[in-house]
Structures are given as structure tokens and as C-alpha cells.
file query.cif (mmCIF, N, CA and C atoms)
data_work
loop_
_atom_site.label_atom_id
_atom_site.label_comp_id
_atom_site.auth_asym_id
_atom_site.auth_seq_id
_atom_site.Cartn_x
_atom_site.Cartn_y
_atom_site.Cartn_z
N MET A 751 -12.68 -31.49 15.08
CA MET A 751 -13.27 -30.27 14.58
C MET A 751 -14.50 -30.64 13.75
N SER A 752 -15.59 -29.95 13.98
CA SER A 752 -16.81 -30.24 13.24
C SER A 752 -16.69 -29.77 11.80
N ASP A 753 -17.60 -30.27 10.96
CA ASP A 753 -17.60 -29.82 9.57
C ASP A 753 -17.78 -28.32 9.48
N THR A 754 -18.61 -27.75 10.38
CA THR A 754 -18.83 -26.31 10.38
C THR A 754 -17.53 -25.58 10.67
N ARG A 755 -16.79 -26.04 11.65
CA ARG A 755 -15.53 -25.38 11.98
C ARG A 755 -14.52 -25.54 10.85
N THR A 756 -14.51 -26.71 10.21
CA THR A 756 -13.62 -26.91 9.07
C THR A 756 -13.95 -25.92 7.97
N ALA A 757 -15.24 -25.74 7.71
CA ALA A 757 -15.68 -24.77 6.69
C ALA A 757 -15.33 -23.35 7.13
N ASP A 758 -15.49 -23.06 8.41
CA ASP A 758 -15.15 -21.73 8.92
C ASP A 758 -13.65 -21.46 8.79
N VAL A 759 -12.82 -22.43 9.13
CA VAL A 759 -11.37 -22.26 9.00
C VAL A 759 -11.02 -21.98 7.53
N ALA A 760 -11.62 -22.74 6.62
CA ALA A 760 -11.35 -22.53 5.19
C ALA A 760 -11.79 -21.13 4.76
N ALA A 761 -12.95 -20.69 5.24
CA ALA A 761 -13.44 -19.35 4.88
C ALA A 761 -12.53 -18.26 5.45
N ILE A 762 -12.05 -18.46 6.67
CA ILE A 762 -11.14 -17.49 7.28
C ILE A 762 -9.82 -17.46 6.51
N GLN A 763 -9.30 -18.63 6.16
CA GLN A 763 -8.05 -18.68 5.38
C GLN A 763 -8.23 -17.99 4.03
N ALA A 764 -9.41 -18.11 3.43
CA ALA A 764 -9.68 -17.45 2.14
C ALA A 764 -9.69 -15.93 2.31
N VAL A 765 -10.25 -15.43 3.42
CA VAL A 765 -10.25 -13.99 3.69
C VAL A 765 -8.81 -13.49 3.79
N LEU A 766 -7.98 -14.21 4.54
CA LEU A 766 -6.59 -13.78 4.69
C LEU A 766 -5.86 -13.86 3.35
N ALA A 767 -6.09 -14.93 2.59
CA ALA A 767 -5.44 -15.07 1.27
C ALA A 767 -5.82 -13.92 0.35
N ASP A 768 -7.09 -13.51 0.38
CA ASP A 768 -7.52 -12.38 -0.45
C ASP A 768 -6.82 -11.10 -0.03
N THR A 769 -6.62 -10.93 1.27
CA THR A 769 -5.92 -9.76 1.78
C THR A 769 -4.47 -9.75 1.28
N TYR A 770 -3.82 -10.91 1.34
CA TYR A 770 -2.43 -11.01 0.88
C TYR A 770 -2.33 -10.75 -0.63
N LYS A 771 -3.28 -11.27 -1.40
CA LYS A 771 -3.28 -11.05 -2.86
C LYS A 771 -3.47 -9.57 -3.17
N ALA A 772 -4.36 -8.91 -2.44
CA ALA A 772 -4.59 -7.48 -2.65
C ALA A 772 -3.33 -6.68 -2.33
N TRP A 773 -2.61 -7.08 -1.29
CA TRP A 773 -1.34 -6.42 -0.96
C TRP A 773 -0.39 -6.54 -2.14
N GLU A 774 -0.24 -7.77 -2.65
CA GLU A 774 0.69 -7.99 -3.77
C GLU A 774 0.31 -7.16 -4.98
N ALA A 775 -0.99 -6.93 -5.18
CA ALA A 775 -1.47 -6.11 -6.29
C ALA A 775 -1.37 -4.61 -5.99
N GLY A 776 -1.05 -4.26 -4.74
CA GLY A 776 -0.99 -2.85 -4.36
C GLY A 776 -2.35 -2.20 -4.35
N ASP A 777 -3.39 -2.98 -4.08
CA ASP A 777 -4.79 -2.52 -4.14
C ASP A 777 -5.35 -2.35 -2.73
N ALA A 778 -5.28 -1.12 -2.21
CA ALA A 778 -5.72 -0.85 -0.84
C ALA A 778 -7.21 -1.11 -0.66
N GLY A 779 -8.02 -0.78 -1.65
CA GLY A 779 -9.46 -1.01 -1.54
C GLY A 779 -9.78 -2.49 -1.42
N ALA A 780 -9.15 -3.31 -2.25
CA ALA A 780 -9.37 -4.75 -2.18
C ALA A 780 -8.80 -5.32 -0.88
N MET A 781 -7.73 -4.72 -0.39
CA MET A 781 -7.13 -5.23 0.83
C MET A 781 -8.07 -5.10 2.02
N VAL A 782 -8.87 -4.07 2.06
CA VAL A 782 -9.79 -3.87 3.20
C VAL A 782 -11.22 -4.30 2.88
N ALA A 783 -11.42 -4.94 1.75
CA ALA A 783 -12.77 -5.36 1.36
C ALA A 783 -13.41 -6.29 2.39
N ASP A 784 -12.59 -7.07 3.09
CA ASP A 784 -13.12 -7.99 4.10
C ASP A 784 -12.88 -7.48 5.52
N TYR A 785 -12.73 -6.18 5.68
CA TYR A 785 -12.63 -5.56 7.00
C TYR A 785 -14.01 -5.03 7.39
N THR A 786 -14.34 -5.07 8.68
CA THR A 786 -15.56 -4.43 9.14
C THR A 786 -15.37 -2.91 9.03
N GLU A 787 -16.45 -2.18 8.96
CA GLU A 787 -16.34 -0.72 8.86
C GLU A 787 -15.60 -0.13 10.05
N ASP A 788 -15.80 -0.74 11.23
CA ASP A 788 -15.18 -0.22 12.45
C ASP A 788 -13.89 -0.97 12.83
N ALA A 789 -13.28 -1.63 11.87
CA ALA A 789 -12.05 -2.40 12.12
C ALA A 789 -10.93 -1.49 12.61
N THR A 790 -10.02 -2.09 13.38
CA THR A 790 -8.84 -1.38 13.82
C THR A 790 -7.59 -2.15 13.41
N ALA A 791 -6.53 -1.42 13.16
CA ALA A 791 -5.24 -2.03 12.88
C ALA A 791 -4.20 -1.31 13.73
N ILE A 792 -3.48 -2.09 14.52
CA ILE A 792 -2.43 -1.54 15.37
C ILE A 792 -1.11 -2.13 14.93
N LEU A 793 -0.20 -1.25 14.57
CA LEU A 793 1.16 -1.63 14.21
C LEU A 793 2.09 -0.82 15.10
N PRO A 794 3.32 -1.26 15.26
CA PRO A 794 4.22 -0.49 16.13
C PRO A 794 4.18 1.00 15.79
N GLY A 795 3.79 1.79 16.76
CA GLY A 795 3.76 3.24 16.58
C GLY A 795 2.53 3.82 15.92
N SER A 796 1.52 3.00 15.60
CA SER A 796 0.35 3.59 14.95
C SER A 796 -0.93 2.82 15.25
N LEU A 797 -2.02 3.58 15.28
CA LEU A 797 -3.37 3.03 15.39
C LEU A 797 -4.15 3.52 14.19
N ARG A 798 -4.72 2.59 13.44
CA ARG A 798 -5.58 2.94 12.31
C ARG A 798 -6.98 2.54 12.71
N ASP A 799 -7.80 3.53 12.96
CA ASP A 799 -9.12 3.32 13.53
C ASP A 799 -10.20 3.43 12.46
N GLY A 800 -10.67 2.29 12.00
CA GLY A 800 -11.72 2.23 10.99
C GLY A 800 -11.18 1.76 9.65
N ARG A 801 -12.04 1.06 8.91
CA ARG A 801 -11.65 0.52 7.60
C ARG A 801 -11.12 1.60 6.66
N GLU A 802 -11.74 2.76 6.66
CA GLU A 802 -11.30 3.83 5.76
C GLU A 802 -9.91 4.32 6.14
N ALA A 803 -9.60 4.41 7.43
CA ALA A 803 -8.27 4.82 7.85
C ALA A 803 -7.23 3.78 7.43
N VAL A 804 -7.56 2.51 7.55
CA VAL A 804 -6.64 1.46 7.12
C VAL A 804 -6.43 1.55 5.61
N ARG A 805 -7.53 1.73 4.86
CA ARG A 805 -7.43 1.83 3.40
C ARG A 805 -6.56 3.01 2.98
N ALA A 806 -6.82 4.17 3.57
CA ALA A 806 -6.08 5.38 3.21
C ALA A 806 -4.59 5.22 3.52
N ASN A 807 -4.27 4.64 4.67
CA ASN A 807 -2.87 4.44 5.03
C ASN A 807 -2.19 3.47 4.07
N MET A 808 -2.87 2.39 3.72
CA MET A 808 -2.29 1.41 2.80
C MET A 808 -2.15 2.00 1.40
N GLU A 809 -3.09 2.83 1.00
CA GLU A 809 -2.98 3.47 -0.32
C GLU A 809 -1.72 4.33 -0.39
N ARG A 810 -1.47 5.12 0.67
CA ARG A 810 -0.24 5.93 0.72
C ARG A 810 0.99 5.03 0.73
N SER A 811 0.93 3.95 1.50
CA SER A 811 2.09 3.05 1.60
C SER A 811 2.37 2.34 0.28
N PHE A 812 1.30 1.91 -0.42
CA PHE A 812 1.49 1.24 -1.70
C PHE A 812 2.02 2.19 -2.76
N ALA A 813 1.75 3.49 -2.61
CA ALA A 813 2.27 4.48 -3.55
C ALA A 813 3.72 4.86 -3.19
N GLY A 814 4.15 4.52 -1.98
CA GLY A 814 5.47 4.90 -1.52
C GLY A 814 6.32 3.69 -1.13
N PRO A 815 6.60 3.56 0.17
CA PRO A 815 7.58 2.56 0.61
C PRO A 815 7.19 1.09 0.37
N LEU A 816 5.91 0.81 0.21
CA LEU A 816 5.49 -0.58 -0.01
C LEU A 816 5.14 -0.87 -1.47
N ARG A 817 5.51 0.04 -2.37
CA ARG A 817 5.27 -0.17 -3.80
C ARG A 817 5.99 -1.45 -4.24
N SER A 818 5.28 -2.28 -4.98
CA SER A 818 5.84 -3.51 -5.57
C SER A 818 6.37 -4.50 -4.53
N THR A 819 5.73 -4.53 -3.37
CA THR A 819 6.10 -5.52 -2.37
C THR A 819 5.04 -6.61 -2.31
N SER A 820 5.38 -7.69 -1.66
CA SER A 820 4.41 -8.74 -1.36
C SER A 820 4.68 -9.17 0.07
N THR A 821 3.96 -10.18 0.52
CA THR A 821 4.14 -10.64 1.89
C THR A 821 4.36 -12.14 1.94
N TRP A 822 5.04 -12.56 2.97
CA TRP A 822 5.19 -13.98 3.29
C TRP A 822 4.38 -14.19 4.56
N ASN A 823 3.56 -15.24 4.59
CA ASN A 823 2.65 -15.45 5.71
C ASN A 823 2.56 -16.92 6.06
N ARG A 824 2.47 -17.18 7.36
CA ARG A 824 2.29 -18.55 7.84
C ARG A 824 1.31 -18.50 9.00
N THR A 825 0.22 -19.26 8.88
CA THR A 825 -0.76 -19.33 9.95
C THR A 825 -0.23 -20.23 11.05
N LEU A 826 -0.25 -19.71 12.27
CA LEU A 826 0.20 -20.48 13.43
C LEU A 826 -0.96 -21.17 14.13
N SER A 827 -2.12 -20.48 14.20
CA SER A 827 -3.29 -21.10 14.84
C SER A 827 -4.56 -20.33 14.50
N VAL A 828 -5.66 -21.06 14.60
CA VAL A 828 -7.01 -20.48 14.48
C VAL A 828 -7.77 -20.97 15.70
N ARG A 829 -8.30 -20.04 16.48
CA ARG A 829 -9.04 -20.39 17.70
C ARG A 829 -10.38 -19.67 17.68
N PHE A 830 -11.44 -20.41 17.95
CA PHE A 830 -12.78 -19.83 17.92
C PHE A 830 -13.22 -19.40 19.30
N LEU A 831 -13.90 -18.27 19.34
CA LEU A 831 -14.54 -17.75 20.55
C LEU A 831 -16.03 -17.76 20.28
N GLY A 832 -16.70 -18.82 20.65
CA GLY A 832 -18.11 -18.95 20.33
C GLY A 832 -18.30 -19.27 18.86
N ARG A 833 -19.47 -18.99 18.36
CA ARG A 833 -19.81 -19.35 16.98
C ARG A 833 -19.35 -18.32 15.95
N ASP A 834 -19.25 -17.07 16.37
CA ASP A 834 -19.06 -16.00 15.38
C ASP A 834 -17.82 -15.14 15.58
N ALA A 835 -16.83 -15.67 16.27
CA ALA A 835 -15.58 -14.92 16.46
C ALA A 835 -14.41 -15.89 16.43
N ALA A 836 -13.31 -15.40 15.89
CA ALA A 836 -12.10 -16.23 15.80
C ALA A 836 -10.87 -15.34 15.97
N ILE A 837 -9.84 -15.94 16.55
CA ILE A 837 -8.54 -15.30 16.67
C ILE A 837 -7.56 -16.13 15.85
N VAL A 838 -6.87 -15.47 14.94
CA VAL A 838 -5.88 -16.13 14.10
C VAL A 838 -4.52 -15.54 14.43
N LEU A 839 -3.55 -16.41 14.68
CA LEU A 839 -2.18 -15.97 14.90
C LEU A 839 -1.36 -16.34 13.67
N THR A 840 -0.58 -15.38 13.18
CA THR A 840 0.26 -15.63 12.01
C THR A 840 1.67 -15.12 12.26
N GLU A 841 2.57 -15.62 11.45
CA GLU A 841 3.92 -15.07 11.35
C GLU A 841 4.02 -14.54 9.93
N SER A 842 4.49 -13.32 9.79
CA SER A 842 4.47 -12.67 8.48
C SER A 842 5.69 -11.79 8.30
N GLY A 843 5.84 -11.33 7.08
CA GLY A 843 6.88 -10.36 6.78
C GLY A 843 6.68 -9.79 5.39
N ILE A 844 7.26 -8.64 5.16
CA ILE A 844 7.16 -7.97 3.87
C ILE A 844 8.34 -8.39 3.01
N LEU A 845 8.05 -8.74 1.76
CA LEU A 845 9.07 -9.10 0.78
C LEU A 845 9.33 -7.89 -0.13
N PHE A 846 10.54 -7.38 -0.07
CA PHE A 846 10.94 -6.23 -0.87
C PHE A 846 11.77 -6.69 -2.06
N GLY A 847 11.63 -5.98 -3.17
CA GLY A 847 12.51 -6.18 -4.32
C GLY A 847 12.53 -7.59 -4.88
N GLY A 848 11.41 -8.26 -4.87
CA GLY A 848 11.34 -9.61 -5.43
C GLY A 848 11.96 -10.69 -4.56
N ALA A 849 12.30 -10.36 -3.31
CA ALA A 849 12.89 -11.35 -2.40
C ALA A 849 11.91 -12.50 -2.18
N SER A 850 12.44 -13.66 -1.90
CA SER A 850 11.59 -14.82 -1.63
C SER A 850 11.60 -15.21 -0.16
N GLU A 851 12.47 -14.57 0.63
CA GLU A 851 12.55 -14.85 2.06
C GLU A 851 12.59 -13.54 2.84
N VAL A 852 11.98 -13.58 4.02
CA VAL A 852 11.99 -12.42 4.91
C VAL A 852 13.09 -12.65 5.95
N PRO A 853 14.00 -11.69 6.11
CA PRO A 853 15.02 -11.83 7.16
C PRO A 853 14.35 -11.96 8.53
N GLU A 854 14.93 -12.75 9.40
CA GLU A 854 14.36 -12.99 10.72
C GLU A 854 14.05 -11.70 11.47
N ASP A 855 14.90 -10.69 11.33
CA ASP A 855 14.70 -9.45 12.08
C ASP A 855 13.57 -8.58 11.52
N ARG A 856 12.95 -9.00 10.42
CA ARG A 856 11.81 -8.25 9.86
C ARG A 856 10.51 -9.04 9.94
N LYS A 857 10.52 -10.20 10.57
CA LYS A 857 9.29 -10.97 10.73
C LYS A 857 8.47 -10.42 11.89
N VAL A 858 7.15 -10.55 11.76
CA VAL A 858 6.24 -10.12 12.82
C VAL A 858 5.30 -11.27 13.17
N HIS A 859 4.84 -11.25 14.41
CA HIS A 859 3.72 -12.09 14.81
C HIS A 859 2.50 -11.19 14.76
N ALA A 860 1.42 -11.71 14.23
CA ALA A 860 0.21 -10.91 14.09
C ALA A 860 -0.98 -11.63 14.71
N THR A 861 -1.88 -10.84 15.24
CA THR A 861 -3.15 -11.32 15.77
C THR A 861 -4.26 -10.72 14.92
N TRP A 862 -5.07 -11.59 14.35
CA TRP A 862 -6.23 -11.18 13.57
C TRP A 862 -7.48 -11.59 14.35
N VAL A 863 -8.40 -10.67 14.52
CA VAL A 863 -9.68 -11.00 15.14
C VAL A 863 -10.73 -10.89 14.04
N LEU A 864 -11.42 -12.01 13.82
CA LEU A 864 -12.46 -12.02 12.79
C LEU A 864 -13.81 -12.27 13.42
N GLU A 865 -14.82 -11.72 12.79
CA GLU A 865 -16.18 -11.94 13.26
C GLU A 865 -17.06 -12.32 12.07
N LYS A 866 -17.98 -13.21 12.35
CA LYS A 866 -18.89 -13.68 11.30
C LYS A 866 -20.15 -12.82 11.35
N ARG A 867 -20.38 -12.10 10.26
CA ARG A 867 -21.57 -11.24 10.14
C ARG A 867 -22.35 -11.67 8.92
N ASP A 868 -23.61 -11.98 9.12
CA ASP A 868 -24.48 -12.40 8.02
C ASP A 868 -23.85 -13.53 7.21
N GLY A 869 -23.23 -14.48 7.92
CA GLY A 869 -22.66 -15.66 7.28
C GLY A 869 -21.30 -15.43 6.62
N ARG A 870 -20.72 -14.24 6.79
CA ARG A 870 -19.46 -13.90 6.13
C ARG A 870 -18.41 -13.53 7.18
N TRP A 871 -17.22 -14.13 7.09
CA TRP A 871 -16.14 -13.80 8.01
C TRP A 871 -15.50 -12.48 7.59
N LEU A 872 -15.32 -11.57 8.55
CA LEU A 872 -14.73 -10.26 8.30
C LEU A 872 -13.66 -9.97 9.35
N ILE A 873 -12.67 -9.21 8.96
CA ILE A 873 -11.59 -8.82 9.87
C ILE A 873 -12.06 -7.63 10.70
N ALA A 874 -12.08 -7.83 12.02
CA ALA A 874 -12.50 -6.77 12.93
C ALA A 874 -11.30 -6.05 13.55
N SER A 875 -10.17 -6.75 13.65
CA SER A 875 -8.99 -6.13 14.24
C SER A 875 -7.74 -6.87 13.79
N TYR A 876 -6.66 -6.11 13.68
CA TYR A 876 -5.35 -6.65 13.32
C TYR A 876 -4.31 -5.97 14.18
N HIS A 877 -3.34 -6.73 14.66
CA HIS A 877 -2.25 -6.17 15.44
C HIS A 877 -0.99 -6.98 15.14
N ASN A 878 0.14 -6.29 15.00
CA ASN A 878 1.38 -7.05 14.84
C ASN A 878 2.49 -6.47 15.70
N SER A 879 3.47 -7.32 15.93
CA SER A 879 4.62 -6.98 16.74
C SER A 879 5.82 -7.75 16.23
N PRO A 880 7.01 -7.17 16.27
CA PRO A 880 8.19 -7.90 15.79
C PRO A 880 8.36 -9.25 16.51
N VAL A 881 8.78 -10.25 15.75
CA VAL A 881 9.05 -11.56 16.33
C VAL A 881 10.20 -11.43 17.32
N HIS A 882 11.21 -10.68 16.92
CA HIS A 882 12.38 -10.48 17.77
C HIS A 882 12.44 -9.01 18.16
N ALA A 883 12.42 -8.75 19.45
CA ALA A 883 12.51 -7.37 19.93
C ALA A 883 13.88 -6.80 19.57
N PRO A 884 13.92 -5.54 19.13
CA PRO A 884 15.21 -4.94 18.80
C PRO A 884 16.12 -4.87 20.03
N ALA A 885 17.40 -5.02 19.82
CA ALA A 885 18.37 -4.92 20.91
C ALA A 885 18.45 -3.48 21.39
N HIS A 886 18.61 -3.30 22.67
CA HIS A 886 18.71 -1.94 23.22
C HIS A 886 20.14 -1.56 23.43
#
call {"tool": "encode", "arguments": {"input": "query.cif", "output": "C-alpha cells"}}
result
Amino acid sequence: MSDTRTADVAAIQAVLADTYKAWEAGDAGAMVADYTEDATAILPGSLRDGREAVRANMERSFAGPLRSTSTWNRTLSVRFLGRDAAIVLTESGILFGGASEVPEDRKVHATWVLEKRDGRWLIASYHNSPVHAPAH
């Protein structure tokens, strides 16, 4: 990996870390600070189209069911598409009530698409899906 890619990976990891810190603080505005204006977030059963829609949804969630939660996250891979795009795969989960571990049935795999604009890495898209499909 070139020095540039090493620096890019570090910058991308910093963007994700800032997002996780903002979640822990319950700060929806800070959570989307590194999202593009036209970013999308797809979660099971919902599409959040645009940074403002993501912010508004997270603000409602932080005031309700996600109040006082944090997240557990593990980066699985970072793959570059050209010079200014990257796909990051993570395994994540929400920590409720001060828990330190996420039960296996609540973990998700997530795909983050980031793009470099004006020298800054930004989140253009996010999608997650349960690690383990629910039994039918």
C-alpha cells in the first residue's frame, strides 16, 4: 500500500471514528457532519435519502429508542475504487444500557461508500444488514 493509501485509510478510519463518537454523544448533527449532502442510508425497512433526512431520523432516534446508546464496530476491509472512492465493510452493533458486548443476533454487516471531495473523505452511502438472517 502506498503512503497515500495509508494516509487515506487513516483519514477514512477517522471519519468513521468521529461518526461513532457522535452516536455515543447522541449528536445527530455531528454524526452526519462527514456525510455528503446527497448521502443515502439504507437500513432494513427504510431509505434515508439525503444528509438532512439521515440527521432528522437520527435526532428522533437519539431522543427515543437510541437514547444513551453507543456502538461496537470492527472494520473488516477498506477497498479503493480509483483515487477518490472507497468501500468499507464493517461489523457493528448497538450497545444498550451500558452493555459492553453486542449479542450475535443484533450484529450487522455494513457497507460504507466514501468519496474524496476537495481532499476530504466523506460518507456518500451507508447500508446495513443483519449478520444472521432471522429464522423463518
call {"tool": "select_by_dssp", "arguments": {"input": "query.cif", "residues": "chain A", "states": "strand (DSSP E or B)", "output": "ChimeraX atom specification"}}
result
/A:785-793,796-799,820-830,835-845,858-867,870-880
call {"tool": "resolve_selection", "arguments": {"input": "query.cif", "expression": "the PyMOL selection byres ((chain A and resi 842-853) around 6)", "output": "PDB file with N, CA and C atoms, keeping the file's coordinate frame"}}
result
ATOM      1  N   SER A 818       5.280  -2.280  -4.980  1.00  0.00           N
ATOM      2  CA  SER A 818       5.840  -3.510  -5.570  1.00  0.00           C
ATOM      3  C   SER A 818       6.370  -4.500  -4.530  1.00  0.00           C
ATOM      4  N   THR A 819       5.730  -4.530  -3.370  1.00  0.00           N
ATOM      5  CA  THR A 819       6.100  -5.520  -2.370  1.00  0.00           C
ATOM      6  C   THR A 819       5.040  -6.610  -2.310  1.00  0.00           C
ATOM      7  N   SER A 820       5.380  -7.690  -1.660  1.00  0.00           N
ATOM      8  CA  SER A 820       4.410  -8.740  -1.360  1.00  0.00           C
ATOM      9  C   SER A 820       4.680  -9.170   0.070  1.00  0.00           C
ATOM     10  N   THR A 821       3.960 -10.180   0.520  1.00  0.00           N
ATOM     11  CA  THR A 821       4.140 -10.640   1.890  1.00  0.00           C
ATOM     12  C   THR A 821       4.360 -12.140   1.940  1.00  0.00           C
ATOM     13  N   TRP A 822       5.040 -12.560   2.970  1.00  0.00           N
ATOM     14  CA  TRP A 822       5.190 -13.980   3.290  1.00  0.00           C
ATOM     15  C   TRP A 822       4.380 -14.190   4.560  1.00  0.00           C
ATOM     16  N   ASN A 823       3.560 -15.240   4.590  1.00  0.00           N
ATOM     17  CA  ASN A 823       2.650 -15.450   5.710  1.00  0.00           C
ATOM     18  C   ASN A 823       2.560 -16.920   6.060  1.00  0.00           C
ATOM     19  N   ARG A 824       2.470 -17.180   7.360  1.00  0.00           N
ATOM     20  CA  ARG A 824       2.290 -18.550   7.840  1.00  0.00           C
ATOM     21  C   ARG A 824       1.310 -18.500   9.000  1.00  0.00           C
ATOM     22  N   THR A 840      -0.580 -15.380  13.180  1.00  0.00           N
ATOM     23  CA  THR A 840       0.260 -15.630  12.010  1.00  0.00           C
ATOM     24  C   THR A 840       1.670 -15.120  12.260  1.00  0.00           C
ATOM     25  N   GLU A 841       2.570 -15.620  11.450  1.00  0.00           N
ATOM     26  CA  GLU A 841       3.920 -15.070  11.350  1.00  0.00           C
ATOM     27  C   GLU A 841       4.020 -14.540   9.930  1.00  0.00           C
ATOM     28  N   GLU A 854      14.930 -12.750   9.400  1.00  0.00           N
ATOM     29  CA  GLU A 854      14.360 -12.990  10.720  1.00  0.00           C
ATOM     30  C   GLU A 854      14.050 -11.700  11.470  1.00  0.00           C
ATOM     31  N   ASP A 855      14.900 -10.690  11.330  1.00  0.00           N
ATOM     32  CA  ASP A 855      14.700  -9.450  12.080  1.00  0.00           C
ATOM     33  C   ASP A 855      13.570  -8.580  11.520  1.00  0.00           C
ATOM     34  N   ARG A 856      12.950  -9.000  10.420  1.00  0.00           N
ATOM     35  CA  ARG A 856      11.810  -8.250   9.860  1.00  0.00           C
ATOM     36  C   ARG A 856      10.510  -9.040   9.940  1.00  0.00           C
ATOM     37  N   LYS A 857      10.520 -10.200  10.570  1.00  0.00           N
ATOM     38  CA  LYS A 857       9.290 -10.970  10.730  1.00  0.00           C
ATOM     39  C   LYS A 857       8.470 -10.420  11.890  1.00  0.00           C
ATOM     40  N   VAL A 858       7.150 -10.550  11.760  1.00  0.00           N
ATOM     41  CA  VAL A 858       6.240 -10.120  12.820  1.00  0.00           C
ATOM     42  C   VAL A 858       5.300 -11.270  13.170  1.00  0.00           C
ATOM     43  N   HIS A 859       4.840 -11.250  14.410  1.00  0.00           N
ATOM     44  CA  HIS A 859       3.720 -12.090  14.810  1.00  0.00           C
ATOM     45  C   HIS A 859       2.500 -11.190  14.760  1.00  0.00           C
ATOM     46  N   ALA A 860       1.420 -11.710  14.230  1.00  0.00           N
ATOM     47  CA  ALA A 860       0.210 -10.910  14.090  1.00  0.00           C
ATOM     48  C   ALA A 860      -0.980 -11.630  14.710  1.00  0.00           C
TER      49      ALA A 860
END
call {"tool": "resolve_selection", "arguments": {"input": "query.cif", "expression": "the PyMOL selection byres ((chain A and resi 785-794) around 7)", "output": "PyMOL selection string"}}
result
chain A and resi 781-784+795-802+804+872-879
call {"tool": "write_last_selection", "arguments": {"input": "query.cif", "atoms": "N, CA and C atoms", "output": "short mmCIF file (atom, residue, chain, number, x, y, z; two decimals), in the coordinates of the input"}}
result
data_model
loop_
_atom_site.label_atom_id
_atom_site.label_comp_id
_atom_site.auth_asym_id
_atom_site.auth_seq_id
_atom_site.Cartn_x
_atom_site.Cartn_y
_atom_site.Cartn_z
N MET A 781 -7.73 -4.72 -0.39
CA MET A 781 -7.13 -5.23 0.83
C MET A 781 -8.07 -5.10 2.02
N VAL A 782 -8.87 -4.07 2.06
CA VAL A 782 -9.79 -3.87 3.20
C VAL A 782 -11.22 -4.30 2.88
N ALA A 783 -11.42 -4.94 1.75
CA ALA A 783 -12.77 -5.36 1.36
C ALA A 783 -13.41 -6.29 2.39
N ASP A 784 -12.59 -7.07 3.09
CA ASP A 784 -13.12 -7.99 4.10
C ASP A 784 -12.88 -7.48 5.52
N GLY A 795 3.79 1.79 16.76
CA GLY A 795 3.76 3.24 16.58
C GLY A 795 2.53 3.82 15.92
N SER A 796 1.52 3.00 15.60
CA SER A 796 0.35 3.59 14.95
C SER A 796 -0.93 2.82 15.25
N LEU A 797 -2.02 3.58 15.28
CA LEU A 797 -3.37 3.03 15.39
C LEU A 797 -4.15 3.52 14.19
N ARG A 798 -4.72 2.59 13.44
CA ARG A 798 -5.58 2.94 12.31
C ARG A 798 -6.98 2.54 12.71
N ASP A 799 -7.80 3.53 12.96
CA ASP A 799 -9.12 3.32 13.53
C ASP A 799 -10.20 3.43 12.46
N GLY A 800 -10.67 2.29 12.00
CA GLY A 800 -11.72 2.23 10.99
C GLY A 800 -11.18 1.76 9.65
N ARG A 801 -12.04 1.06 8.91
CA ARG A 801 -11.65 0.52 7.60
C ARG A 801 -11.12 1.60 6.66
N GLU A 802 -11.74 2.76 6.66
CA GLU A 802 -11.30 3.83 5.76
C GLU A 802 -9.91 4.32 6.14
N VAL A 804 -7.56 2.51 7.55
CA VAL A 804 -6.64 1.46 7.12
C VAL A 804 -6.43 1.55 5.61
N LEU A 872 -15.32 -11.57 8.55
CA LEU A 872 -14.73 -10.26 8.30
C LEU A 872 -13.66 -9.97 9.35
N ILE A 873 -12.67 -9.21 8.96
CA ILE A 873 -11.59 -8.82 9.87
C ILE A 873 -12.06 -7.63 10.70
N ALA A 874 -12.08 -7.83 12.02
CA ALA A 874 -12.50 -6.77 12.93
C ALA A 874 -11.30 -6.05 13.55
N SER A 875 -10.17 -6.75 13.65
CA SER A 875 -8.99 -6.13 14.24
C SER A 875 -7.74 -6.87 13.79
N TYR A 876 -6.66 -6.11 13.68
CA TYR A 876 -5.35 -6.65 13.32
C TYR A 876 -4.31 -5.97 14.18
N HIS A 877 -3.34 -6.73 14.66
CA HIS A 877 -2.25 -6.17 15.44
C HIS A 877 -0.99 -6.98 15.14
N ASN A 878 0.14 -6.29 15.00
CA ASN A 878 1.38 -7.05 14.84
C ASN A 878 2.49 -6.47 15.70
N SER A 879 3.47 -7.32 15.93
CA SER A 879 4.62 -6.98 16.74
C SER A 879 5.82 -7.75 16.23
#
call {"tool": "select_by_dssp", "arguments": {"input": "query.cif", "residues": "segment 753-828 of chain A", "states": "helix (DSSP H, G or I)", "output": "count of residues only"}}
result
40
call {"tool": "residues_near_point", "arguments": {"input": "query.cif", "point": "(-23.2, -12.2, 15.4)", "cutoff": "6 Å", "atoms": "all atoms listed in the file", "output": "number ranges by chain"}}
result
A: 834, 866-867
call {"tool": "atom_distance", "arguments": {"input": "query.cif", "atom1": "atom N of Val759 of chain A", "atom2": "atom N of Thr861 of chain A"}}
result
17.1 Å
call {"tool": "residues_around", "arguments": {"input": "query.cif", "residues": "Ala806 of chain A", "least_positions_apart": "6", "cutoff": "8 Å", "atoms": "only N, CA and C atoms", "output": "MDAnalysis selection string"}}
result
chainID A and resid 778:779 800 812
call {"tool": "closest_residue", "arguments": {"input": "query.cif", "among": "A:Met808, A:Leu826, A:Ala835, A:Val881", "to": "Gly776 of chain A", "atoms": "only C-alpha atoms"}}
result
A:Met808
call {"tool": "atom_distance", "arguments": {"input": "query.cif", "atom1": "atom N of Val765 of chain A", "atom2": "atom N of Gly814 of chain A"}}
result
25.2 Å
call {"tool": "atom_distance", "arguments": {"input": "query.cif", "atom1": "atom N of Leu766 of chain A", "atom2": "atom C of Ala813 of chain A"}}
result
23.7 Å
call {"tool": "closest_residue", "arguments": {"input": "query.cif", "among": "A:Thr825, A:Tyr770, A:Val863, A:Arg755", "to": "Ile837 of chain A", "atoms": "all atoms listed in the file"}}
result
A:Val863
